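A short write-up of the structure that comes next.
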Amino acid sequence: MTQASNAGPARKDDVIQIRASAETKAILSRAATLRGQKLSEFMLESGRRQAEDTILDQRVFFLDPEEHDSFLAMLDEPGQPVADVRDRLARPPAWER
């Protein structure tokens, strides 16, 4: 929803209804309580975040056949080792120090 710059918060006119098992509702209610939110606020925030992530993951690009072959070749090449990453992987985790 959009809002005018001086109009304050946008009105919440649309209704979303869902059915859930008692178990699912209990889990969602518990999570909402832990966040200090109403169930509806928690559901809306979580659903919106998931929707935005899903939309952002949909990346489409087009290549001509030669560019496509070049792109696939780059993906198939082994990565080059990075010293910093190798050093971090060799360290014991913080909880074991």
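Residue numbering restarts at 1 for every chain of the structure tokens, chains are lettered A, B, ... in their displayed order, and ligands are numbered from 1 as they appear.
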Mind checking DSSP for chain A and telling me the alpha helix (DSSP H) residues as JSON, numbers by chain? {"A": [22, 23, 24, 25, 26, 27, 28, 29, 30, 31, 32, 33, 34, 35, 39, 40, 41, 42, 43, 44, 45, 46, 47, 48, 49, 50, 51, 52, 53, 54, 55, 56, 65, 66, 67, 68, 69, 70, 71, 72, 73, 74, 75, 76, 83, 84, 85, 86, 87, 88, 89, 90]}
Can you pull out the residues contacting stretch 19-27 of chain A? Cut-off 9 Å, using only C-alpha atoms, and skip same-chain residues under 4 positions away; I want them as a VMD selection string. chain A and resid 31 to 32 39
Residues from the last selection, N, CA and C atoms, saved as a CSV table (one decimal), in the first residue's frame:
```
chain,number,residue,atom,x,y,z
A,31,ALA,N,5.6,-17.8,19.3
A,31,ALA,CA,6.6,-16.9,18.7
A,31,ALA,C,6.3,-15.5,18.7
A,32,ALA,N,5.0,-15.2,18.5
A,32,ALA,CA,4.5,-13.8,18.6
A,32,ALA,C,4.7,-13.2,20.0
A,39,LEU,N,-0.6,-11.8,17.5
A,39,LEU,CA,-0.4,-12.9,16.5
A,39,LEU,C,-0.5,-12.3,15.1
```
For stretch 43-48 of chain A: contacts at 9 Å, only C-alpha atoms, fewer than 5 positions along chain excluded, given as a list in words: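 What passes the distance filter is Leu28, Ala32, Lys38 and Asp53 of chain A.
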